[in-house]
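Reproduced below: entry.tsv, with TSV, C-alpha atoms and all ligand atoms.
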```tsv
chain	number	residue	atom	x	y	z
A	1	MET	CA	26.31	-33.64	14.84
A	2	ASN	CA	24.96	-34.21	18.33
A	3	SER	CA	22.89	-31.09	18.63
A	4	LYS	CA	19.67	-31.95	20.36
A	5	LYS	CA	20.39	-30.57	23.83
A	6	SER	CA	21.65	-27.26	22.53
A	7	LEU	CA	18.80	-26.97	20.07
A	8	LEU	CA	16.38	-27.18	22.94
A	9	HIS	CA	18.22	-25.05	25.50
A	10	GLY	CA	20.01	-22.63	23.21
A	11	ILE	CA	23.19	-22.70	21.20
A	12	GLY	CA	24.88	-19.51	22.44
A	13	ASN	CA	25.71	-16.18	20.92
A	14	GLN	CA	25.40	-15.31	17.26
A	15	LYS	CA	28.90	-16.53	16.38
A	16	GLU	CA	28.29	-19.86	18.12
A	17	THR	CA	24.95	-20.18	16.32
A	18	ARG	CA	26.58	-19.48	12.97
A	19	LEU	CA	29.35	-22.04	13.57
A	20	TYR	CA	26.82	-24.57	14.81
A	21	TYR	CA	24.70	-24.32	11.66
A	22	ASP	CA	27.81	-24.19	9.44
A	23	SER	CA	28.99	-27.51	10.83
A	24	TRP	CA	25.51	-29.06	10.60
A	25	ALA	CA	24.63	-27.78	7.11
A	26	ASP	CA	25.85	-30.80	5.13
A	27	ASN	CA	23.46	-33.22	6.81
A	28	TYR	CA	20.84	-30.78	8.13
A	29	ASP	CA	18.19	-31.80	5.57
A	30	GLU	CA	18.70	-35.48	6.29
A	31	THR	CA	18.55	-35.01	10.09
A	32	LEU	CA	15.43	-32.87	9.93
A	33	LYS	CA	13.74	-35.49	7.79
A	34	THR	CA	14.43	-38.16	10.41
A	35	TRP	CA	12.93	-35.86	13.08
A	36	ASN	CA	9.85	-35.42	10.88
A	37	TYR	CA	10.22	-31.62	10.59
A	38	ARG	CA	7.20	-30.43	8.63
A	39	ALA	CA	7.05	-26.72	9.49
A	40	PRO	CA	7.90	-25.66	5.90
A	41	GLN	CA	5.12	-27.79	4.38
A	42	LYS	CA	2.59	-26.67	7.00
A	43	SER	CA	3.52	-23.01	6.55
A	44	VAL	CA	3.02	-23.22	2.79
A	45	LYS	CA	-0.42	-24.77	3.34
A	46	ILE	CA	-1.33	-21.85	5.59
A	47	LEU	CA	-0.16	-19.33	3.00
A	48	LYS	CA	-2.27	-21.08	0.39
A	49	LYS	CA	-5.35	-21.24	2.56
A	50	TYR	CA	-5.30	-17.81	4.23
A	51	THR	CA	-3.90	-15.44	1.61
A	52	SER	CA	-4.83	-14.65	-1.96
A	53	ILE	CA	-1.18	-13.99	-2.92
A	54	LYS	CA	-0.34	-16.41	-5.71
A	55	SER	CA	2.78	-14.85	-7.16
A	56	GLY	CA	5.30	-12.15	-6.38
A	57	LEU	CA	8.36	-11.82	-4.22
A	58	ILE	CA	9.25	-13.62	-1.01
A	59	LEU	CA	12.03	-12.84	1.43
A	60	ASP	CA	12.90	-15.99	3.39
A	61	LEU	CA	14.75	-14.88	6.53
A	62	ALA	CA	16.97	-17.54	8.15
A	63	CYS	CA	16.40	-19.65	5.04
A	64	GLY	CA	19.09	-22.15	6.04
A	65	THR	CA	19.52	-24.82	3.38
A	66	GLY	CA	16.27	-23.79	1.67
A	67	LEU	CA	13.67	-26.24	2.97
A	68	PHE	CA	10.92	-23.59	3.02
A	69	GLY	CA	11.86	-22.23	-0.40
A	70	GLU	CA	11.64	-25.75	-1.85
A	71	GLU	CA	8.14	-26.23	-0.47
A	72	VAL	CA	6.94	-22.83	-1.68
A	73	LEU	CA	7.98	-23.60	-5.24
A	74	LYS	CA	6.25	-26.98	-5.17
A	75	VAL	CA	2.96	-25.17	-4.61
A	76	PHE	CA	3.45	-21.72	-6.15
A	77	ASP	CA	5.88	-21.97	-9.05
A	78	SER	CA	5.60	-18.31	-10.02
A	79	PHE	CA	7.07	-16.84	-6.83
A	80	LYS	CA	10.57	-15.40	-6.86
A	81	ILE	CA	12.35	-16.01	-3.56
A	82	ASP	CA	15.30	-14.24	-1.97
A	83	GLY	CA	16.87	-15.73	1.13
A	84	SER	CA	19.16	-14.71	3.96
A	85	ASP	CA	20.95	-16.50	6.76
A	86	ILE	CA	24.02	-16.12	8.96
A	87	SER	CA	25.41	-19.55	8.03
A	88	SER	CA	27.39	-19.30	4.80
A	89	ILE	CA	27.61	-23.07	4.44
A	90	SER	CA	23.82	-23.37	4.68
A	91	LEU	CA	23.56	-20.60	2.08
A	92	LYS	CA	25.92	-22.50	-0.23
A	93	ILE	CA	23.64	-25.55	-0.02
A	94	ALA	CA	20.55	-23.40	-0.64
A	95	HIS	CA	22.31	-21.85	-3.65
A	96	LYS	CA	23.02	-25.28	-5.17
A	97	LYS	CA	19.30	-26.12	-5.07
A	98	ASN	CA	18.62	-23.30	-7.52
A	99	ILE	CA	15.53	-22.12	-5.68
A	100	TYR	CA	16.55	-18.62	-4.64
A	101	ARG	CA	16.95	-15.63	-6.90
A	102	LYS	CA	19.37	-13.93	-4.49
A	103	LEU	CA	20.94	-15.03	-1.23
A	104	PHE	CA	22.32	-12.66	1.40
A	105	LYS	CA	24.48	-13.45	4.38
A	106	ASN	CA	23.07	-11.44	7.25
A	107	ASN	CA	21.65	-11.43	10.75
A	108	PHE	CA	17.87	-11.18	10.54
A	109	GLU	CA	17.87	-8.73	13.44
A	110	ASP	CA	19.89	-6.20	11.45
A	111	LYS	CA	17.92	-3.92	9.17
A	112	MET	CA	18.42	-4.73	5.49
A	113	TYR	CA	18.53	-1.76	3.15
A	114	LEU	CA	16.59	-3.06	0.17
A	115	LYS	CA	15.65	-1.46	-3.11
A	116	ILE	CA	12.48	-3.50	-3.44
A	117	ASN	CA	9.59	-4.56	-1.22
A	118	TYR	CA	8.25	-8.05	-0.76
A	119	ASP	CA	4.78	-9.63	-0.83
A	120	ILE	CA	5.72	-12.24	1.76
A	121	VAL	CA	8.42	-12.41	4.42
A	122	SER	CA	9.01	-15.74	6.19
A	123	LEU	CA	10.92	-16.82	9.29
A	124	ILE	CA	10.45	-20.55	9.65
A	125	GLY	CA	12.06	-22.49	12.50
A	126	ALA	CA	14.22	-19.56	13.59
A	127	MET	CA	12.28	-17.19	15.88
A	128	THR	CA	14.12	-19.06	18.68
A	129	TYR	CA	17.21	-17.01	17.82
A	130	CYS	CA	15.51	-13.63	17.93
A	131	LYS	CA	16.38	-11.42	20.90
A	132	LYS	CA	14.87	-8.14	19.67
A	133	HIS	CA	11.35	-8.97	18.61
A	134	LYS	CA	10.08	-5.41	18.41
A	135	LYS	CA	12.94	-4.47	16.09
A	136	LEU	CA	12.35	-7.54	13.94
A	137	PHE	CA	8.62	-6.83	13.50
A	138	ASN	CA	9.40	-3.20	12.67
A	139	ASN	CA	12.04	-4.12	10.12
A	140	VAL	CA	9.84	-6.75	8.48
A	141	SER	CA	7.03	-4.23	8.07
A	142	LYS	CA	9.47	-2.01	6.16
A	143	TYR	CA	10.38	-4.89	3.82
A	144	LEU	CA	6.72	-5.64	3.01
A	145	ASN	CA	4.37	-4.05	0.52
A	146	LYS	CA	1.13	-2.76	2.03
A	147	GLY	CA	-1.08	-5.83	2.44
A	148	GLY	CA	1.98	-8.10	2.36
A	149	VAL	CA	2.26	-10.86	4.96
A	150	PHE	CA	4.79	-12.12	7.48
A	151	ILE	CA	4.62	-15.82	8.26
A	152	PHE	CA	6.64	-17.17	11.18
A	153	THR	CA	6.81	-20.06	13.59
A	154	GLN	CA	7.47	-19.92	17.31
A	155	ARG	CA	8.05	-22.78	19.76
A	156	THR	CA	5.27	-23.20	22.30
A	157	ASP	CA	7.64	-23.10	25.31
A	158	LEU	CA	9.08	-19.78	24.08
A	159	TRP	CA	5.62	-18.54	23.11
A	160	ASP	CA	4.58	-18.75	26.74
A	161	LYS	CA	7.88	-17.62	28.24
A	162	LEU	CA	8.08	-14.52	26.01
A	163	ASP	CA	4.32	-13.88	26.06
A	164	PHE	CA	3.80	-13.92	22.31
A	165	ASN	CA	0.07	-13.27	22.76
A	166	GLN	CA	1.01	-9.87	24.17
A	167	LYS	CA	3.58	-9.34	21.39
A	168	LEU	CA	0.84	-9.86	18.80
A	169	ILE	CA	-1.21	-7.19	20.58
A	170	ASP	CA	1.81	-4.86	20.74
A	171	ILE	CA	2.28	-4.99	16.96
A	172	SER	CA	-1.38	-4.50	16.11
A	173	LYS	CA	-0.78	-0.88	15.08
A	174	ASN	CA	1.25	-2.13	12.10
A	175	TYR	CA	-0.19	-5.60	11.46
A	176	ASN	CA	-3.52	-7.45	11.38
A	177	LEU	CA	-3.45	-10.98	12.72
A	178	ILE	CA	-4.74	-13.28	9.98
A	179	TYR	CA	-4.07	-16.68	11.49
A	180	LYS	CA	-2.51	-18.22	14.59
A	181	SER	CA	-2.35	-22.00	14.57
A	182	LYS	CA	-2.98	-24.19	17.53
A	183	PRO	CA	0.19	-25.92	18.82
A	184	ILE	CA	1.36	-28.36	16.16
A	185	ASP	CA	4.22	-30.88	16.06
A	186	TYR	CA	7.68	-29.40	15.54
A	187	LEU	CA	10.34	-32.13	15.78
A	188	PRO	CA	8.20	-35.04	16.98
A	189	LYS	CA	10.90	-37.67	16.41
A	190	ASN	CA	13.64	-35.75	18.22
A	191	ASN	CA	13.95	-37.14	21.75
A	192	ASP	CA	14.20	-33.71	23.40
A	193	PHE	CA	11.25	-32.17	21.63
A	194	THR	CA	9.02	-35.23	21.08
A	195	LYS	CA	5.37	-34.19	21.07
A	196	ASN	CA	5.88	-31.98	24.14
A	197	ILE	CA	7.43	-28.95	22.53
A	198	LYS	CA	5.39	-27.84	19.58
A	199	ILE	CA	5.18	-24.73	17.43
A	200	ARG	CA	2.55	-22.26	16.43
A	201	ILE	CA	2.52	-20.86	12.91
A	202	VAL	CA	1.44	-17.23	12.69
A	203	LEU	CA	0.40	-15.16	9.69
A	204	ILE	CA	0.17	-11.39	10.05
A	205	GLN	CA	-0.58	-8.78	7.42
A	206	LYS	CA	0.94	-5.34	7.13
A	207	LYS	CA	-1.72	-2.63	7.46
B	301	LIG	C1	16.26	-24.53	12.40
B	301	LIG	S1	17.07	-23.67	11.08
B	301	LIG	C2	15.70	-23.25	10.03
B	301	LIG	C3	16.16	-23.08	8.61
B	301	LIG	C4	15.02	-23.04	7.58
B	301	LIG	N1	14.19	-21.86	7.72
B	301	LIG	C5	14.19	-24.30	7.69
B	301	LIG	O1	12.97	-24.20	7.97
B	301	LIG	O2	14.76	-25.38	7.51
B	301	LIG	C6	17.49	-22.13	11.81
B	301	LIG	C7	18.29	-21.21	10.88
B	301	LIG	O3	18.39	-19.92	11.48
B	301	LIG	C8	19.65	-19.39	11.13
B	301	LIG	N2	19.92	-18.30	12.08
B	301	LIG	C9	20.04	-18.37	13.42
B	301	LIG	N3	20.22	-17.16	13.95
B	301	LIG	C10	20.19	-16.28	12.90
B	301	LIG	C11	20.30	-14.88	12.79
B	301	LIG	N4	20.48	-14.12	13.87
B	301	LIG	N5	20.23	-14.31	11.57
B	301	LIG	C12	20.05	-15.08	10.45
B	301	LIG	N6	19.92	-16.42	10.49
B	301	LIG	C13	19.99	-17.01	11.70
B	301	LIG	C14	20.59	-20.57	11.23
B	301	LIG	O4	21.81	-20.34	10.57
B	301	LIG	C15	19.73	-21.66	10.61
B	301	LIG	O5	19.94	-21.75	9.22
```
In structure tokens, write the structure found in this file.
Ligand SMILES: C[S@@+](CC[C@H](N)C(=O)[O-])C[C@H]1O[C@@H](n2cnc3c(N)ncnc32)[C@H](O)[C@@H]1O
Amino acid sequence: MNSKKSLLHGIGNQKETRLYYDSWADNYDETLKTWNYRAPQKSVKILKKYTSIKSGLILDLACGTGLFGEEVLKVFDSFKIDGSDISSISLKIAHKKNIYRKLFKNNFEDKMYLKINYDIVSLIGAMTYCKKHKKLFNNVSKYLNKGGVFIFTQRTDLWDKLDFNQKLIDISKNYNLIYKSKPIDYLPKNNDFTKNIKIRIVLIQKK
């Protein structure tokens, strides 16, 4: 799939995004490897270094084909992970990997009515698609146990454009900021992103 331009500038509405990831799902893992996508590995390192949570439940929002779930289980084999995404074909691939306890098809901006709470919620490589940040942060805090953490990535161009420093201040009533990385490589071998557009990884803790 020739997706680079749209990945950088936006894919479209939710339906277009779903169809885009559905048609990419079969070779998504392979493509991301060639672009040297390491956000899942780096996020797991941050969880290990900055939290004391060693087991429990994770909700992996926009889990895609399961790259983050795979990395979590390499390091913490006693976590149970649930995942959600809008792309059913990506979810099918994640399911085949046998990493996730449960998988849900849903839009991460819609509130999930859950019977349990989570120790960790993740949103790796997908904040790009969020339009309602305040709602997302509110919903995530409802999914978390007290003291639970939300780990997410955000592209540096969107960080500045959307003023994520201010957003972190706006949510400080509900969350403590534990860690905000410096800009780190995102898709360094993709010609549109190269080393120019990076990501930050952020870890916040529910008060
Ligand atoms: C770049 S991929 C990241 C997938 C995975 N977290 C990873 O690190 O490989 C972005 C994912 O976000 C999903 N996505 C985009 N918009 C979404 C939305 N509104 N709700 C749920 N998932 C969404 C896509 O289907 C896709 O699987």
Checklist line | Contacts of A:Ile171 within 10 Å, only C-alpha atoms, excl. fewer than 2 positions in-chain, as a ChimeraX atom specification | finding: /A:134,137-138,166-169,173-177,204,206
Notebook entry, point to check: atom CA of A:Phe104 and atom CA of A:Asp82, how far apart in Å?
Noted result: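 Computed distance, atom CA of A:Asp82 to atom CA of A:Phe104, equals 7.9 Å.
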Next item on the list: Please return, as a ChimeraX atom specification, all polymer residues that have at least one atom within 12 Å of the point (0.6, -23.4, 6.9); use only C-alpha atoms and the file's own coordinate frame.
Entry: /A:38-51,68,71-72,75,122,124,151-153,178-182,184,199-203
Next item on the list: Quick one: pull the distance between atom CA of A:Tyr20 and atom CA of A:Val121, Å, one decimal.
Entry: 24.4 Å
Next item on the list: Select, counting all atoms listed in the file, all protein, DNA and RNA residues no farther than 12 Å from (28.0, -17.6, 14.7) in file coordinates, and express the selection as a list of chain:residue names.
Entry: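 Every polymer residue passing the test: A:Ile11, A:Gly12, A:Asn13, A:Gln14, A:Lys15, A:Glu16, A:Thr17, A:Arg18, A:Leu19, A:Tyr20, A:Tyr21, A:Asp22, A:Ser23, A:Asp85, A:Ile86, A:Ser87, A:Ser88, A:Ile89, A:Lys105, A:Asn106, A:Asn107, A:Tyr129.
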Check: Please, what distance in Å, to one decimal, runs between atom CA of A:Asp110 and atom O2 of ligand LIG 301 (chain B)?
Finding: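 Atom CA of A:Asp110 sits 20.2 Å away from atom O2 of ligand LIG 301 (chain B).
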Draw an axis-aligned box over all listed atoms of stretch 83-100 of chain A, pad each side with 8 Å, and write its centre and edge lengths in Å, one decimal, as lines of an AutoDock Vina configuration file.
```
center_x = 21.6
center_y = -20.4
center_z = 0.7
size_x = 28.1
size_y = 27.4
size_z = 32.5
```
Check: With distances taken over all atoms listed in the file, which of A:Leu67, A:Leu144, A:Ile99, A:Ile81 is nearest to A:Ala25?
Finding: A:Leu67
Next item on the list: Choose the residue, out of A:Thr31, A:Gln154, A:Ser84, A:Asn191, that has the smallest atom-to-atom separation from A:Gly125; count all atoms listed in the file.
Entry: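 Closest residue, counting all atoms listed in the file: A:Gln154.
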Checklist line | Exercise: A:Asp157 partners within 12 Å, all atoms listed in the file, chain neighbours under 4 positions left out, as a ChimeraX atom specification | finding: /A:8-9,128,161-164,183,186,193,196-200
Next item on the list: Would you kindly return, as a list in words, each protein, DNA or RNA residue with an atom no farther than 9 Å from any atom of A:Ser141, considering all atoms listed in the file and excluding same-chain residues fewer than 5 positions away?
Entry: Leu136, Lys146, Gly148, Val149, Phe150, Asn174, Tyr175, Gln205, Lys206 and Lys207 of chain A
Margin query: For a quick check of understanding, using all atoms listed in the file, which of A:Lys195, A:Lys111, A:Lys102, A:Lys142 has the smallest distance to ligand LIG 301 (chain B)?
Written below: A:Lys111
Next item on the list: Can you work out which one of A:Leu114, A:Leu73, A:Ile120, A:Ala126 has the shortest atom-to-atom distance to ligand LIG 301 (chain B), counting all atoms listed in the file?
Entry: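 Checking each of A:Leu114, A:Leu73, A:Ile120, A:Ala126 against ligand LIG 301 (chain B), counting all atoms listed in the file, the winner is A:Ala126.
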Give me stretch 76-90 of chain A with N, CA and C atoms filled in, as an mmCIF file, keeping the file's coordinate frame.
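Wrote it out as result-v1.cif, contents follow:
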```cif
data_model
loop_
_atom_site.group_PDB
_atom_site.id
_atom_site.type_symbol
_atom_site.label_atom_id
_atom_site.label_comp_id
_atom_site.auth_asym_id
_atom_site.auth_seq_id
_atom_site.Cartn_x
_atom_site.Cartn_y
_atom_site.Cartn_z
ATOM 1 N N PHE A 76 3.626 -22.978 -5.390
ATOM 2 C CA PHE A 76 3.450 -21.720 -6.150
ATOM 3 C C PHE A 76 4.678 -21.549 -7.029
ATOM 4 N N ASP A 77 4.634 -22.012 -8.281
ATOM 5 C CA ASP A 77 5.880 -21.970 -9.050
ATOM 6 C C ASP A 77 6.200 -20.591 -9.618
ATOM 7 N N SER A 78 5.269 -19.616 -9.442
ATOM 8 C CA SER A 78 5.600 -18.310 -10.020
ATOM 9 C C SER A 78 6.180 -17.307 -9.012
ATOM 10 N N PHE A 79 6.410 -17.743 -7.776
ATOM 11 C CA PHE A 79 7.070 -16.840 -6.830
ATOM 12 C C PHE A 79 8.562 -16.739 -7.132
ATOM 13 N N LYS A 80 9.109 -15.547 -6.861
ATOM 14 C CA LYS A 80 10.570 -15.400 -6.860
ATOM 15 C C LYS A 80 10.961 -15.256 -5.393
ATOM 16 N N ILE A 81 11.997 -15.986 -4.985
ATOM 17 C CA ILE A 81 12.350 -16.010 -3.560
ATOM 18 C C ILE A 81 13.787 -15.558 -3.353
ATOM 19 N N ASP A 82 13.967 -14.599 -2.441
ATOM 20 C CA ASP A 82 15.300 -14.240 -1.970
ATOM 21 C C ASP A 82 15.440 -14.825 -0.568
ATOM 22 N N GLY A 83 16.670 -15.138 -0.192
ATOM 23 C CA GLY A 83 16.870 -15.730 1.130
ATOM 24 C C GLY A 83 18.029 -15.089 1.843
ATOM 25 N N SER A 84 18.004 -15.200 3.186
ATOM 26 C CA SER A 84 19.160 -14.710 3.960
ATOM 27 C C SER A 84 19.370 -15.620 5.167
ATOM 28 N N ASP A 85 20.599 -15.667 5.597
ATOM 29 C CA ASP A 85 20.950 -16.500 6.760
ATOM 30 C C ASP A 85 22.322 -16.050 7.263
ATOM 31 N N ILE A 86 22.664 -16.436 8.503
ATOM 32 C CA ILE A 86 24.020 -16.120 8.960
ATOM 33 C C ILE A 86 25.015 -17.246 8.636
ATOM 34 N N SER A 87 24.516 -18.415 8.273
ATOM 35 C CA SER A 87 25.410 -19.550 8.030
ATOM 36 C C SER A 87 25.776 -19.614 6.546
ATOM 37 N N SER A 88 27.046 -19.316 6.222
ATOM 38 C CA SER A 88 27.390 -19.300 4.800
ATOM 39 C C SER A 88 27.375 -20.702 4.204
ATOM 40 N N ILE A 89 27.634 -21.708 5.007
ATOM 41 C CA ILE A 89 27.610 -23.070 4.440
ATOM 42 C C ILE A 89 26.170 -23.490 4.127
ATOM 43 N N SER A 90 25.239 -23.097 4.998
ATOM 44 C CA SER A 90 23.820 -23.370 4.680
ATOM 45 C C SER A 90 23.432 -22.628 3.401
#
```
